[in-house]
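What follows is a short report on a single structure.
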Amino acid sequence: MINNHDPAVVEVKDLSHTYPSGVEALKGVSLCVQQGDVFGIIGQNGCGKTTLVKHFNGLLRPTGGEVRVFGNNSKEKTIAELSADVGFVFQNPDFQLFLTSVEQEINFGPNNIRMPEEERRQIIEQLVSRLGLSERMQSHPFELTRLERKMVSIASVLAMKPRVVVFDEPTTGQDAVQTRAIMELFRDFSRDGHTLIIVSHDMSLIAEYCNRVSVMKGGSVLACDTPRTVFADRSTLTLAGLEPPEITQIAQQARLDQIFLSVSEAFEWIIGEQRSCGPATSGASAADFS
């Protein structure tokens, strides 16, 4: 549910988009992303997720309806103007990297918007240290690991200090350790005041890290609410062709009157139950989750 005390940063009203081929990718989409949200967008391939978020920085323009970014109609702003507020990190970092060194990649955006030298230097120093790129600044991007290239693509966007950052399938191709590192990094960015919009097929990550979730199917929004509410609604998820996170499914199969969004949350609940009721009378034990 929308918290009306927080200002809207992206407002989508009855948005439709039809590609030149005639494919109607979005059909009357309305939603609101608020300041400080970590906003997840989920749905099957082809449901319109990426088409939707490309409207937020002007990569696509509405066929009908409107998109407002910090109150400004996107149709009245250039891509450059919108990108100053909304950064976009593509699913494949190789589509975003085009220069011959990591240093050039990260400096490109700030130089392009004529960021003052001292501000640019401070921001980039902080970013490369935080993202583990300090020793790779003179390397060619395609000499790096996939995780390192992902970090370079993230750094190149964040260096421009956008107030909103869109991540399209940010953990694709990463192993479990790399995925966790990326998501914890996003959690840090959120604490720093960034508003994050994450498009992902990974229900567990969306459940654990997002505070609001939009479910899409066939170019429309089926639901938009907190992860706990969205992942408790099996009928809407089934309609969208989605399954809740595994830990949520396990709790539902065990017929527990709880909606868990992460393994750690389930574990904490079990410990609390055992302390209050004793192992013999607890409503669940660790065995229920194995």
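Here's how to read the names in the structure tokens: chain A, B, ... by the order shown, residue numbers from 1 in each chain, ligand numbers from 1 in the order shown.
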Mind checking DSSP for segment 3-141 of chain A and telling me the alpha helix (DSSP H) residues as an mmCIF file with N, CA and C atoms, in the first residue's frame?
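Written output follows (states.cif):
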```cif
data_model
loop_
_atom_site.group_PDB
_atom_site.id
_atom_site.type_symbol
_atom_site.label_atom_id
_atom_site.label_comp_id
_atom_site.auth_asym_id
_atom_site.auth_seq_id
_atom_site.Cartn_x
_atom_site.Cartn_y
_atom_site.Cartn_z
ATOM 1 N N LYS A 49 7.709 -5.764 -18.049
ATOM 2 C CA LYS A 49 8.525 -5.189 -16.964
ATOM 3 C C LYS A 49 9.567 -4.218 -17.499
ATOM 4 N N THR A 50 10.402 -4.682 -18.424
ATOM 5 C CA THR A 50 11.480 -3.838 -18.941
ATOM 6 C C THR A 50 10.921 -2.689 -19.768
ATOM 7 N N THR A 51 9.870 -2.952 -20.535
ATOM 8 C CA THR A 51 9.224 -1.865 -21.280
ATOM 9 C C THR A 51 8.774 -0.764 -20.324
ATOM 10 N N LEU A 52 8.201 -1.163 -19.198
ATOM 11 C CA LEU A 52 7.735 -0.180 -18.213
ATOM 12 C C LEU A 52 8.878 0.678 -17.691
ATOM 13 N N VAL A 53 9.946 0.054 -17.208
ATOM 14 C CA VAL A 53 11.004 0.838 -16.554
ATOM 15 C C VAL A 53 11.789 1.691 -17.541
ATOM 16 N N ILE A 79 16.068 12.618 -22.823
ATOM 17 C CA ILE A 79 16.661 11.464 -22.145
ATOM 18 C C ILE A 79 17.763 11.923 -21.191
ATOM 19 N N ALA A 80 18.567 12.885 -21.613
ATOM 20 C CA ALA A 80 19.657 13.380 -20.772
ATOM 21 C C ALA A 80 19.114 13.987 -19.485
ATOM 22 N N GLU A 81 18.021 14.744 -19.594
ATOM 23 C CA GLU A 81 17.442 15.368 -18.405
ATOM 24 C C GLU A 81 16.856 14.321 -17.464
ATOM 25 N N LEU A 82 16.169 13.340 -18.024
ATOM 26 C CA LEU A 82 15.594 12.285 -17.190
ATOM 27 C C LEU A 82 16.670 11.408 -16.573
ATOM 28 N N SER A 83 17.732 11.139 -17.325
ATOM 29 C CA SER A 83 18.807 10.281 -16.827
ATOM 30 C C SER A 83 19.575 10.914 -15.679
ATOM 31 N N VAL A 102 38.398 0.818 -17.053
ATOM 32 C CA VAL A 102 37.396 1.001 -16.002
ATOM 33 C C VAL A 102 37.322 2.479 -15.605
ATOM 34 N N GLU A 103 38.452 3.113 -15.503
ATOM 35 C CA GLU A 103 38.491 4.522 -15.127
ATOM 36 C C GLU A 103 37.704 5.384 -16.113
ATOM 37 N N GLN A 104 37.885 5.137 -17.396
ATOM 38 C CA GLN A 104 37.160 5.899 -18.411
ATOM 39 C C GLN A 104 35.657 5.645 -18.326
ATOM 40 N N GLU A 105 35.275 4.395 -18.088
ATOM 41 C CA GLU A 105 33.852 4.060 -17.991
ATOM 42 C C GLU A 105 33.182 4.829 -16.852
ATOM 43 N N ILE A 106 33.818 4.834 -15.686
ATOM 44 C CA ILE A 106 33.205 5.441 -14.511
ATOM 45 C C ILE A 106 33.217 6.962 -14.607
ATOM 46 N N ASN A 107 34.209 7.506 -15.273
ATOM 47 C CA ASN A 107 34.304 8.965 -15.404
ATOM 48 C C ASN A 107 33.440 9.527 -16.525
ATOM 49 N N PHE A 108 33.005 8.672 -17.430
ATOM 50 C CA PHE A 108 32.300 9.163 -18.623
ATOM 51 C C PHE A 108 31.054 9.982 -18.260
ATOM 52 N N GLY A 109 30.203 9.429 -17.422
ATOM 53 C CA GLY A 109 28.964 10.112 -17.071
ATOM 54 C C GLY A 109 29.192 11.446 -16.366
ATOM 55 N N PRO A 110 29.977 11.452 -15.282
ATOM 56 C CA PRO A 110 30.239 12.717 -14.596
ATOM 57 C C PRO A 110 30.855 13.779 -15.507
ATOM 58 N N ASN A 111 31.768 13.360 -16.389
ATOM 59 C CA ASN A 111 32.360 14.326 -17.330
ATOM 60 C C ASN A 111 31.311 14.856 -18.304
ATOM 61 N N ASN A 112 30.411 13.960 -18.723
ATOM 62 C CA ASN A 112 29.401 14.344 -19.698
ATOM 63 C C ASN A 112 28.416 15.366 -19.132
ATOM 64 N N GLU A 117 35.126 19.049 -10.723
ATOM 65 C CA GLU A 117 36.237 18.104 -10.605
ATOM 66 C C GLU A 117 36.356 17.509 -9.213
ATOM 67 N N GLU A 118 36.320 18.319 -8.182
ATOM 68 C CA GLU A 118 36.515 17.821 -6.825
ATOM 69 C C GLU A 118 35.362 16.904 -6.413
ATOM 70 N N GLU A 119 34.146 17.273 -6.759
ATOM 71 C CA GLU A 119 32.986 16.429 -6.451
ATOM 72 C C GLU A 119 33.090 15.094 -7.175
ATOM 73 N N ARG A 120 33.463 15.160 -8.461
ATOM 74 C CA ARG A 120 33.616 13.937 -9.244
ATOM 75 C C ARG A 120 34.670 13.018 -8.635
ATOM 76 N N ARG A 121 35.794 13.594 -8.253
ATOM 77 C CA ARG A 121 36.881 12.785 -7.696
ATOM 78 C C ARG A 121 36.453 12.097 -6.405
ATOM 79 N N GLN A 122 35.791 12.822 -5.532
ATOM 80 C CA GLN A 122 35.371 12.250 -4.256
ATOM 81 C C GLN A 122 34.353 11.125 -4.446
ATOM 82 N N ILE A 123 33.396 11.363 -5.316
ATOM 83 C CA ILE A 123 32.363 10.348 -5.548
ATOM 84 C C ILE A 123 32.976 9.075 -6.115
ATOM 85 N N ILE A 124 33.849 9.224 -7.101
ATOM 86 C CA ILE A 124 34.423 8.048 -7.750
ATOM 87 C C ILE A 124 35.353 7.307 -6.802
ATOM 88 N N GLU A 125 36.120 8.011 -6.001
ATOM 89 C CA GLU A 125 36.981 7.343 -5.023
ATOM 90 C C GLU A 125 36.155 6.489 -4.069
ATOM 91 N N GLN A 126 35.048 7.035 -3.597
ATOM 92 C CA GLN A 126 34.186 6.287 -2.683
ATOM 93 C C GLN A 126 33.575 5.067 -3.370
ATOM 94 N N LEU A 127 33.123 5.253 -4.601
ATOM 95 C CA LEU A 127 32.478 4.162 -5.323
ATOM 96 C C LEU A 127 33.437 3.018 -5.614
ATOM 97 N N VAL A 128 34.597 3.330 -6.139
ATOM 98 C CA VAL A 128 35.511 2.251 -6.537
ATOM 99 C C VAL A 128 35.998 1.477 -5.322
ATOM 100 N N SER A 129 36.150 2.177 -4.194
ATOM 101 C CA SER A 129 36.532 1.482 -2.968
ATOM 102 C C SER A 129 35.407 0.577 -2.491
ATOM 103 N N ARG A 130 34.213 1.099 -2.516
ATOM 104 C CA ARG A 130 33.039 0.357 -2.041
ATOM 105 C C ARG A 130 32.731 -0.852 -2.915
#
```
Residues of segment 192-223 of chain A at most 12 Å from segment 90-94 of chain A: nearest atom pair and distance in Å, only C-alpha atoms, as a tab-separated table:
```
residue	atom	partner	partner_atom	distance
A:Ile198	CA	A:Gln91	CA	10.6
A:Val199	CA	A:Gln91	CA	9.2
A:Ser200	CA	A:Gln91	CA	9.6
A:His201	CA	A:Gln91	CA	11.8
```
Restricting it to N, CA and C atoms, dump the selection as a PDB file, in the first residue's frame.
```
ATOM      1  N   ILE A 198      13.816  -2.501  -8.854  1.00  0.00           N
ATOM      2  CA  ILE A 198      14.490  -3.749  -9.224  1.00  0.00           C
ATOM      3  C   ILE A 198      13.541  -4.647  -9.994  1.00  0.00           C
ATOM      4  N   VAL A 199      13.912  -4.967 -11.236  1.00  0.00           N
ATOM      5  CA  VAL A 199      13.186  -5.928 -12.054  1.00  0.00           C
ATOM      6  C   VAL A 199      13.894  -7.271 -11.892  1.00  0.00           C
ATOM      7  N   SER A 200      13.159  -8.301 -11.488  1.00  0.00           N
ATOM      8  CA  SER A 200      13.829  -9.572 -11.236  1.00  0.00           C
ATOM      9  C   SER A 200      12.866 -10.750 -11.338  1.00  0.00           C
ATOM     10  N   HIS A 201      13.429 -11.911 -11.712  1.00  0.00           N
ATOM     11  CA  HIS A 201      12.689 -13.170 -11.666  1.00  0.00           C
ATOM     12  C   HIS A 201      12.906 -13.891 -10.337  1.00  0.00           C
TER      13      HIS A 201
END
```
Give me, as a ChimeraX atom specification, all polymer residues having an atom no more than 12 Å from Val166 of chain A, counting only C-alpha atoms and skipping those fewer than 5 positions away in the same chain.
/A:10,33,37-41,49-50,52-57,83,85-91,154,157-158,186,194-200
Go through segment 2-247 of chain A and collect every residue that DSSP, computed from the backbone, puts in strand (DSSP E); the answer should be as JSON, numbers by chain.
{"A": [8, 9, 10, 11, 12, 13, 14, 15, 16, 17, 18, 24, 25, 26, 27, 28, 29, 30, 31, 32, 33, 34, 38, 39, 40, 41, 42, 64, 65, 66, 67, 68, 69, 72, 73, 86, 87, 88, 89, 164, 165, 166, 167, 168, 195, 196, 197, 198, 199, 212, 213, 214, 215, 216, 217, 220, 221, 222, 223, 224, 225]}
May I ask for the distance between atom CA of Glu169 of chain A and atom CA of Asp202 of chain A, given in Å to one decimal place?
8.6 Å
